[in-house]
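Below is the file upload_28.tsv, which contains TSV, N, CA and C atoms.
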```tsv
chain	number	residue	atom	x	y	z
A	1	MET	N	0.30	-15.88	-9.49
A	1	MET	CA	0.00	-15.88	-8.09
A	1	MET	C	-0.58	-14.52	-7.70
A	2	VAL	N	-1.52	-14.51	-6.78
A	2	VAL	CA	-2.17	-13.29	-6.30
A	2	VAL	C	-1.47	-12.84	-5.02
A	3	PHE	N	-1.14	-11.54	-4.95
A	3	PHE	CA	-0.49	-10.98	-3.77
A	3	PHE	C	-1.28	-9.79	-3.25
A	4	PHE	N	-1.32	-9.67	-1.93
A	4	PHE	CA	-1.86	-8.49	-1.27
A	4	PHE	C	-0.66	-7.70	-0.74
A	5	PHE	N	-0.62	-6.41	-1.07
A	5	PHE	CA	0.45	-5.55	-0.57
A	5	PHE	C	-0.16	-4.45	0.29
A	6	ASP	N	0.36	-4.31	1.50
A	6	ASP	CA	-0.01	-3.14	2.29
A	6	ASP	C	0.94	-2.01	1.87
A	7	THR	N	0.73	-0.85	2.43
A	7	THR	CA	1.50	0.32	2.00
A	7	THR	C	2.99	0.16	2.28
A	8	SER	N	3.33	-0.38	3.45
A	8	SER	CA	4.75	-0.50	3.80
A	8	SER	C	5.49	-1.44	2.85
A	9	ALA	N	4.80	-2.43	2.32
A	9	ALA	CA	5.42	-3.32	1.32
A	9	ALA	C	5.42	-2.67	-0.06
A	10	LEU	N	4.30	-2.07	-0.43
A	10	LEU	CA	4.19	-1.50	-1.78
A	10	LEU	C	5.17	-0.35	-2.00
A	11	ILE	N	5.43	0.45	-0.97
A	11	ILE	CA	6.34	1.59	-1.14
A	11	ILE	C	7.73	1.12	-1.54
A	12	LYS	N	8.08	-0.11	-1.18
A	12	LYS	CA	9.38	-0.66	-1.54
A	12	LYS	C	9.52	-0.82	-3.06
A	13	ARG	N	8.43	-0.81	-3.76
A	13	ARG	CA	8.44	-0.87	-5.22
A	13	ARG	C	8.95	0.45	-5.80
A	14	TYR	N	8.77	1.54	-5.06
A	14	TYR	CA	9.06	2.88	-5.58
A	14	TYR	C	10.25	3.56	-4.90
A	15	ILE	N	10.52	3.18	-3.66
A	15	ILE	CA	11.62	3.75	-2.90
A	15	ILE	C	12.56	2.61	-2.53
A	16	ALA	N	13.83	2.71	-2.93
A	16	ALA	CA	14.80	1.65	-2.64
A	16	ALA	C	15.08	1.60	-1.15
A	17	GLU	N	14.75	0.48	-0.55
A	17	GLU	CA	15.02	0.24	0.87
A	17	GLU	C	15.09	-1.26	1.09
A	18	SER	N	15.37	-1.65	2.30
A	18	SER	CA	15.46	-3.07	2.61
A	18	SER	C	14.16	-3.76	2.22
A	19	GLY	N	14.27	-4.80	1.43
A	19	GLY	CA	13.09	-5.54	0.97
A	19	GLY	C	12.63	-5.18	-0.42
A	20	SER	N	13.21	-4.14	-1.01
A	20	SER	CA	12.77	-3.72	-2.35
A	20	SER	C	12.98	-4.80	-3.39
A	21	GLU	N	14.09	-5.51	-3.32
A	21	GLU	CA	14.36	-6.57	-4.30
A	21	GLU	C	13.32	-7.68	-4.20
A	22	LYS	N	12.93	-8.03	-2.97
A	22	LYS	CA	11.92	-9.08	-2.78
A	22	LYS	C	10.58	-8.64	-3.38
A	23	VAL	N	10.20	-7.38	-3.15
A	23	VAL	CA	8.95	-6.86	-3.71
A	23	VAL	C	9.01	-6.89	-5.24
A	24	ASP	N	10.14	-6.48	-5.81
A	24	ASP	CA	10.30	-6.52	-7.27
A	24	ASP	C	10.15	-7.95	-7.79
A	25	ASP	N	10.74	-8.92	-7.08
A	25	ASP	CA	10.60	-10.33	-7.48
A	25	ASP	C	9.14	-10.79	-7.42
A	26	LEU	N	8.42	-10.38	-6.37
A	26	LEU	CA	7.02	-10.76	-6.24
A	26	LEU	C	6.18	-10.15	-7.37
A	27	PHE	N	6.48	-8.91	-7.73
A	27	PHE	CA	5.77	-8.26	-8.83
A	27	PHE	C	5.94	-9.04	-10.13
A	28	LYS	N	7.13	-9.58	-10.35
A	28	LYS	CA	7.41	-10.32	-11.58
A	28	LYS	C	6.57	-11.60	-11.68
A	29	THR	N	6.22	-12.19	-10.54
A	29	THR	CA	5.49	-13.45	-10.56
A	29	THR	C	4.00	-13.26	-10.29
A	30	ALA	N	3.57	-12.04	-10.04
A	30	ALA	CA	2.17	-11.80	-9.68
A	30	ALA	C	1.24	-11.87	-10.88
A	31	SER	N	0.15	-12.57	-10.69
A	31	SER	CA	-0.92	-12.53	-11.69
A	31	SER	C	-1.91	-11.41	-11.33
A	32	GLN	N	-1.91	-11.05	-10.06
A	32	GLN	CA	-2.79	-9.97	-9.60
A	32	GLN	C	-2.20	-9.39	-8.32
A	33	ILE	N	-2.30	-8.05	-8.21
A	33	ILE	CA	-1.89	-7.34	-7.00
A	33	ILE	C	-3.16	-6.74	-6.41
A	34	ILE	N	-3.38	-7.01	-5.13
A	34	ILE	CA	-4.56	-6.48	-4.43
A	34	ILE	C	-4.08	-5.50	-3.37
A	35	ILE	N	-4.78	-4.37	-3.27
A	35	ILE	CA	-4.47	-3.39	-2.22
A	35	ILE	C	-5.76	-2.98	-1.52
A	36	SER	N	-5.59	-2.49	-0.31
A	36	SER	CA	-6.75	-2.06	0.48
A	36	SER	C	-7.27	-0.71	-0.02
A	37	PRO	N	-8.44	-0.32	0.45
A	37	PRO	CA	-8.99	0.97	0.02
A	37	PRO	C	-8.20	2.17	0.54
A	38	VAL	N	-7.32	1.99	1.53
A	38	VAL	CA	-6.56	3.12	2.07
A	38	VAL	C	-5.13	3.20	1.53
A	39	THR	N	-4.70	2.19	0.79
A	39	THR	CA	-3.30	2.14	0.36
A	39	THR	C	-2.93	3.32	-0.53
A	40	LYS	N	-3.78	3.67	-1.46
A	40	LYS	CA	-3.46	4.77	-2.37
A	40	LYS	C	-3.24	6.07	-1.58
A	41	VAL	N	-4.10	6.33	-0.63
A	41	VAL	CA	-3.97	7.55	0.18
A	41	VAL	C	-2.68	7.48	1.02
A	42	GLU	N	-2.43	6.32	1.61
A	42	GLU	CA	-1.23	6.18	2.44
A	42	GLU	C	0.05	6.32	1.62
A	43	ILE	N	0.07	5.78	0.42
A	43	ILE	CA	1.30	5.84	-0.37
A	43	ILE	C	1.57	7.27	-0.83
A	44	TYR	N	0.51	8.01	-1.18
A	44	TYR	CA	0.72	9.42	-1.53
A	44	TYR	C	1.15	10.23	-0.32
A	45	SER	N	0.61	9.90	0.84
A	45	SER	CA	1.04	10.56	2.07
A	45	SER	C	2.51	10.31	2.33
A	46	THR	N	2.94	9.07	2.10
A	46	THR	CA	4.34	8.72	2.32
A	46	THR	C	5.28	9.48	1.40
A	47	ILE	N	4.97	9.47	0.10
A	47	ILE	CA	5.90	10.16	-0.81
A	47	ILE	C	5.85	11.68	-0.61
A	48	ASN	N	4.70	12.21	-0.23
A	48	ASN	CA	4.62	13.64	0.07
A	48	ASN	C	5.46	13.99	1.29
A	49	ARG	N	5.42	13.12	2.32
A	49	ARG	CA	6.23	13.34	3.51
A	49	ARG	C	7.72	13.29	3.15
A	50	LEU	N	8.11	12.32	2.32
A	50	LEU	CA	9.51	12.22	1.91
A	50	LEU	C	9.95	13.46	1.15
A	51	ARG	N	9.05	14.01	0.33
A	51	ARG	CA	9.36	15.25	-0.40
A	51	ARG	C	9.52	16.41	0.55
A	52	SER	N	8.60	16.54	1.51
A	52	SER	CA	8.67	17.67	2.44
A	52	SER	C	9.87	17.59	3.38
A	53	GLU	N	10.35	16.37	3.63
A	53	GLU	CA	11.56	16.17	4.45
A	53	GLU	C	12.84	16.26	3.62
A	54	ASN	N	12.69	16.52	2.32
A	54	ASN	CA	13.81	16.57	1.37
A	54	ASN	C	14.56	15.25	1.28
A	55	THR	N	13.89	14.15	1.56
A	55	THR	CA	14.47	12.83	1.38
A	55	THR	C	14.46	12.48	-0.10
A	56	ILE	N	13.44	12.96	-0.81
A	56	ILE	CA	13.40	12.83	-2.26
A	56	ILE	C	13.22	14.23	-2.84
A	57	SER	N	13.69	14.42	-4.05
A	57	SER	CA	13.59	15.72	-4.72
A	57	SER	C	12.18	15.93	-5.28
A	58	LYS	N	11.91	17.15	-5.68
A	58	LYS	CA	10.62	17.45	-6.32
A	58	LYS	C	10.49	16.65	-7.62
A	59	ASN	N	11.59	16.50	-8.36
A	59	ASN	CA	11.56	15.71	-9.59
A	59	ASN	C	11.26	14.24	-9.29
A	60	ASP	N	11.89	13.69	-8.25
A	60	ASP	CA	11.61	12.30	-7.86
A	60	ASP	C	10.16	12.15	-7.43
A	61	TYR	N	9.66	13.12	-6.69
A	61	TYR	CA	8.27	13.08	-6.26
A	61	TYR	C	7.34	13.04	-7.47
A	62	SER	N	7.60	13.88	-8.44
A	62	SER	CA	6.77	13.93	-9.65
A	62	SER	C	6.84	12.61	-10.40
A	63	ARG	N	8.04	12.05	-10.54
A	63	ARG	CA	8.22	10.77	-11.23
A	63	ARG	C	7.50	9.65	-10.48
A	64	LEU	N	7.68	9.60	-9.16
A	64	LEU	CA	7.02	8.56	-8.36
A	64	LEU	C	5.51	8.68	-8.45
A	65	ASN	N	5.02	9.90	-8.40
A	65	ASN	CA	3.58	10.15	-8.50
A	65	ASN	C	3.04	9.56	-9.80
A	66	LYS	N	3.73	9.80	-10.89
A	66	LYS	CA	3.30	9.27	-12.20
A	66	LYS	C	3.38	7.74	-12.24
A	67	GLU	N	4.45	7.18	-11.69
A	67	GLU	CA	4.60	5.71	-11.66
A	67	GLU	C	3.47	5.07	-10.87
A	68	ILE	N	3.18	5.64	-9.73
A	68	ILE	CA	2.13	5.08	-8.87
A	68	ILE	C	0.77	5.19	-9.56
A	69	GLN	N	0.48	6.35	-10.15
A	69	GLN	CA	-0.79	6.51	-10.87
A	69	GLN	C	-0.92	5.48	-11.98
A	70	TYR	N	0.16	5.23	-12.68
A	70	TYR	CA	0.15	4.25	-13.77
A	70	TYR	C	-0.09	2.84	-13.21
A	71	ASP	N	0.70	2.46	-12.21
A	71	ASP	CA	0.62	1.11	-11.67
A	71	ASP	C	-0.73	0.80	-11.03
A	72	ILE	N	-1.29	1.75	-10.34
A	72	ILE	CA	-2.55	1.50	-9.61
A	72	ILE	C	-3.67	1.09	-10.55
A	73	LYS	N	-3.60	1.49	-11.79
A	73	LYS	CA	-4.60	1.08	-12.78
A	73	LYS	C	-4.66	-0.44	-12.93
A	74	PHE	N	-3.54	-1.10	-12.64
A	74	PHE	CA	-3.45	-2.54	-12.82
A	74	PHE	C	-3.69	-3.33	-11.52
A	75	PHE	N	-3.84	-2.63	-10.41
A	75	PHE	CA	-4.09	-3.29	-9.14
A	75	PHE	C	-5.59	-3.44	-8.91
A	76	LYS	N	-5.96	-4.46	-8.17
A	76	LYS	CA	-7.34	-4.57	-7.71
A	76	LYS	C	-7.41	-3.83	-6.38
A	77	VAL	N	-8.17	-2.74	-6.37
A	77	VAL	CA	-8.33	-1.94	-5.16
A	77	VAL	C	-9.65	-2.36	-4.51
A	78	LEU	N	-9.55	-2.92	-3.32
A	78	LEU	CA	-10.75	-3.35	-2.62
A	78	LEU	C	-11.60	-2.16	-2.23
A	79	SER	N	-12.89	-2.35	-2.19
A	79	SER	CA	-13.81	-1.31	-1.73
A	79	SER	C	-13.97	-1.42	-0.22
A	80	PHE	N	-14.07	-0.28	0.41
A	80	PHE	CA	-14.33	-0.29	1.85
A	80	PHE	C	-15.80	-0.67	2.01
A	81	ASN	N	-16.02	-1.84	2.61
A	81	ASN	CA	-17.38	-2.35	2.73
A	81	ASN	C	-17.65	-2.79	4.17
A	82	GLN	N	-18.84	-3.31	4.40
A	82	GLN	CA	-19.25	-3.70	5.74
A	82	GLN	C	-18.35	-4.81	6.31
A	83	GLU	N	-17.93	-5.74	5.47
A	83	GLU	CA	-17.06	-6.83	5.94
A	83	GLU	C	-15.73	-6.28	6.44
A	84	ILE	N	-15.10	-5.41	5.67
A	84	ILE	CA	-13.82	-4.83	6.07
A	84	ILE	C	-14.00	-3.97	7.31
A	85	GLU	N	-15.08	-3.19	7.36
A	85	GLU	CA	-15.34	-2.35	8.52
A	85	GLU	C	-15.50	-3.19	9.79
A	86	SER	N	-16.32	-4.21	9.72
A	86	SER	CA	-16.57	-5.06	10.90
A	86	SER	C	-15.32	-5.79	11.34
A	87	LEU	N	-14.59	-6.32	10.37
A	87	LEU	CA	-13.36	-7.03	10.71
A	87	LEU	C	-12.32	-6.08	11.28
A	88	SER	N	-12.26	-4.86	10.78
A	88	SER	CA	-11.34	-3.86	11.31
A	88	SER	C	-11.63	-3.56	12.78
A	89	VAL	N	-12.90	-3.37	13.10
A	89	VAL	CA	-13.28	-3.10	14.49
A	89	VAL	C	-12.92	-4.29	15.38
A	90	TYR	N	-13.20	-5.49	14.89
A	90	TYR	CA	-12.86	-6.70	15.65
A	90	TYR	C	-11.34	-6.75	15.91
A	91	LEU	N	-10.54	-6.47	14.90
A	91	LEU	CA	-9.09	-6.52	15.04
A	91	LEU	C	-8.58	-5.45	16.01
A	92	ILE	N	-9.20	-4.29	15.99
A	92	ILE	CA	-8.84	-3.23	16.93
A	92	ILE	C	-9.13	-3.69	18.36
A	93	GLU	N	-10.31	-4.25	18.55
A	93	GLU	CA	-10.69	-4.69	19.89
A	93	GLU	C	-9.82	-5.84	20.38
A	94	LYS	N	-9.52	-6.77	19.51
A	94	LYS	CA	-8.77	-7.96	19.91
A	94	LYS	C	-7.27	-7.71	20.05
A	95	HIS	N	-6.71	-6.90	19.13
A	95	HIS	CA	-5.25	-6.75	19.07
A	95	HIS	C	-4.77	-5.32	19.28
A	96	GLN	N	-5.68	-4.41	19.57
A	96	GLN	CA	-5.35	-3.00	19.80
A	96	GLN	C	-4.56	-2.39	18.64
A	97	LEU	N	-4.98	-2.72	17.43
A	97	LEU	CA	-4.32	-2.17	16.25
A	97	LEU	C	-4.72	-0.71	16.04
A	98	LYS	N	-3.87	0.01	15.34
A	98	LYS	CA	-4.21	1.37	14.91
A	98	LYS	C	-5.22	1.26	13.78
A	99	THR	N	-5.94	2.34	13.54
A	99	THR	CA	-7.03	2.36	12.57
A	99	THR	C	-6.62	1.84	11.20
A	100	LEU	N	-5.62	2.48	10.60
A	100	LEU	CA	-5.25	2.10	9.24
A	100	LEU	C	-4.62	0.72	9.18
A	101	ASP	N	-3.90	0.33	10.23
A	101	ASP	CA	-3.37	-1.03	10.27
A	101	ASP	C	-4.49	-2.05	10.30
A	102	SER	N	-5.55	-1.76	11.04
A	102	SER	CA	-6.67	-2.70	11.11
A	102	SER	C	-7.39	-2.80	9.75
A	103	ILE	N	-7.49	-1.69	9.04
A	103	ILE	CA	-8.11	-1.71	7.71
A	103	ILE	C	-7.25	-2.51	6.74
A	104	GLN	N	-5.93	-2.32	6.80
A	104	GLN	CA	-5.03	-3.08	5.93
A	104	GLN	C	-5.16	-4.58	6.20
A	105	LEU	N	-5.11	-4.96	7.46
A	105	LEU	CA	-5.18	-6.38	7.81
A	105	LEU	C	-6.55	-6.96	7.47
A	106	ALA	N	-7.60	-6.24	7.76
A	106	ALA	CA	-8.95	-6.70	7.43
A	106	ALA	C	-9.11	-6.86	5.92
A	107	SER	N	-8.53	-5.96	5.17
A	107	SER	CA	-8.59	-6.05	3.70
A	107	SER	C	-7.87	-7.30	3.22
A	108	CYS	N	-6.72	-7.56	3.79
A	108	CYS	CA	-5.97	-8.76	3.41
A	108	CYS	C	-6.75	-10.02	3.77
A	109	LEU	N	-7.33	-10.05	4.95
A	109	LEU	CA	-8.06	-11.23	5.39
A	109	LEU	C	-9.35	-11.45	4.62
A	110	SER	N	-9.93	-10.35	4.13
A	110	SER	CA	-11.19	-10.51	3.39
A	110	SER	C	-10.93	-11.05	2.01
```
Step by step, read the file and then write its structure as structure tokens.
Amino acid sequence: MVFFFDTSALIKRYIAESGSEKVDDLFKTASQIIISPVTKVEIYSTINRLRSENTISKNDYSRLNKEIQYDIKFFKVLSFNQEIESLSVYLIEKHQLKTLDSIQLASCLS
């Protein structure tokens, strides 16, 4: 089965929180994982913020960084293209979404 993960779902693969078990189960059944063009940047931003807040240690940050770099090789990362851009603008206008949320949703819909 093919799954699209936005950053808030994907981070559950690396940081134990509510929903992490469900994400792990989905990974086990996935034939393909698709992410938006901004997910990689957002996930690194998230783990960097957790490190700077001392929520995770420097060692955990380093380990997570390596895990994410390894895993992303196996994901299909969508390219930011005219379709995603246009749909993002439409979603912002229609639903007043934030920029990155609109890109995530447009990527999923495309």
Find the residue from A:Leu87, A:Leu109, A:Val77, A:Ile56 that sits nearest to Val38 (chain A); use only N, CA and C atoms when measuring.
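Nearest to Val38 (chain A): A:Val77.
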Residues near region 15-19 of chain A, cut-off 10 Å, only C-alpha atoms, skip fewer than 3 positions along chain, as a PyMOL selection string:
chain A and resi 9-12+22-24+47+50+56+60+64
Rounded to one decimal, what separation in Å do you get between CA of Tyr90 (chain A) and atom C of Phe5 (chain A)?
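Those two atoms sit 20.1 Å apart.
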Using DSSP secondary structure from the backbone, list all strand (DSSP E or B) positions within region 5-71 of chain A, as a PyMOL selection string.
chain A and resi 32-35
Could you give me, as a PyMOL selection string, the residues within 8 Å of region 97-104 of chain A, counting only C-alpha atoms and dropping anything in the same chain fewer than 4 positions from it?
chain A and resi 6+36+38-39+84-85+87-89+91-93+108
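Atom C of Arg49 (chain A) is found 28.7 Å from CA of Ala30 (chain A).
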Just region 15-92 of chain A from the block, C-alpha atoms, as a tab-separated table (two decimals), in the first residue's frame, could you?
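What ended up in part.tsv:
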```tsv
chain	number	residue	atom	x	y	z
A	15	ILE	CA	10.20	10.47	18.27
A	16	ALA	CA	7.97	8.36	20.56
A	17	GLU	CA	4.67	10.17	20.98
A	18	SER	CA	0.98	9.52	20.64
A	19	GLY	CA	0.43	7.79	17.31
A	20	SER	CA	3.95	6.39	16.96
A	21	GLU	CA	2.75	2.78	17.09
A	22	LYS	CA	0.22	3.44	14.31
A	23	VAL	CA	2.93	5.01	12.12
A	24	ASP	CA	5.21	2.02	12.77
A	25	ASP	CA	2.37	-0.32	11.75
A	26	LEU	CA	1.78	1.67	8.54
A	27	PHE	CA	5.50	1.52	7.71
A	28	LYS	CA	5.39	-2.27	7.98
A	29	THR	CA	2.62	-2.51	5.38
A	30	ALA	CA	3.81	0.25	3.05
A	31	SER	CA	4.95	-0.57	-0.44
A	32	GLN	CA	5.88	3.09	-0.90
A	33	ILE	CA	6.16	6.17	1.31
A	34	ILE	CA	5.60	9.54	-0.35
A	35	ILE	CA	6.58	12.87	1.20
A	36	SER	CA	6.25	16.46	0.07
A	37	PRO	CA	9.18	18.58	-1.07
A	38	VAL	CA	9.21	20.42	2.29
A	39	THR	CA	9.06	17.42	4.63
A	40	LYS	CA	12.80	16.85	4.81
A	41	VAL	CA	13.42	20.48	5.77
A	42	GLU	CA	10.57	20.46	8.29
A	43	ILE	CA	11.70	17.24	9.95
A	44	TYR	CA	15.26	18.52	10.37
A	45	SER	CA	13.85	21.75	11.76
A	46	THR	CA	11.80	19.74	14.25
A	47	ILE	CA	14.64	17.60	15.54
A	48	ASN	CA	16.95	20.63	15.69
A	49	ARG	CA	14.35	22.49	17.77
A	50	LEU	CA	14.02	19.49	20.09
A	51	ARG	CA	17.80	19.45	20.51
A	52	SER	CA	18.00	23.17	21.23
A	53	GLU	CA	15.18	22.83	23.80
A	54	ASN	CA	17.08	19.91	25.40
A	55	THR	CA	14.11	17.64	24.77
A	56	ILE	CA	16.53	15.27	23.06
A	57	SER	CA	20.25	14.92	23.70
A	58	LYS	CA	23.01	15.71	21.22
A	59	ASN	CA	23.57	11.96	20.86
A	60	ASP	CA	19.87	11.38	20.12
A	61	TYR	CA	19.94	14.23	17.61
A	62	SER	CA	22.93	12.67	15.84
A	63	ARG	CA	21.27	9.23	15.82
A	64	LEU	CA	17.96	10.62	14.54
A	65	ASN	CA	19.76	12.62	11.87
A	66	LYS	CA	21.43	9.44	10.58
A	67	GLU	CA	18.17	7.43	10.71
A	68	ILE	CA	16.30	10.09	8.78
A	69	GLN	CA	19.05	10.41	6.16
A	70	TYR	CA	18.99	6.65	5.69
A	71	ASP	CA	15.20	6.35	5.51
A	72	ILE	CA	14.67	9.26	3.13
A	73	LYS	CA	16.61	7.37	0.46
A	74	PHE	CA	13.69	4.95	0.31
A	75	PHE	CA	10.92	7.56	0.20
A	76	LYS	CA	9.50	9.10	-2.93
A	77	VAL	CA	10.08	12.83	-2.46
A	78	LEU	CA	7.76	14.85	-4.66
A	79	SER	CA	9.20	17.74	-6.62
A	80	PHE	CA	7.84	21.19	-6.05
A	81	ASN	CA	6.14	21.83	-9.37
A	82	GLN	CA	3.48	24.04	-10.95
A	83	GLU	CA	0.65	21.69	-9.93
A	84	ILE	CA	1.63	21.72	-6.25
A	85	GLU	CA	2.24	25.47	-6.34
A	86	SER	CA	-1.15	26.24	-7.91
A	87	LEU	CA	-3.01	23.86	-5.64
A	88	SER	CA	-1.24	25.32	-2.60
A	89	VAL	CA	-2.36	28.84	-3.51
A	90	TYR	CA	-5.90	27.59	-4.08
A	91	LEU	CA	-5.93	25.88	-0.66
A	92	ILE	CA	-4.61	29.01	1.03
```
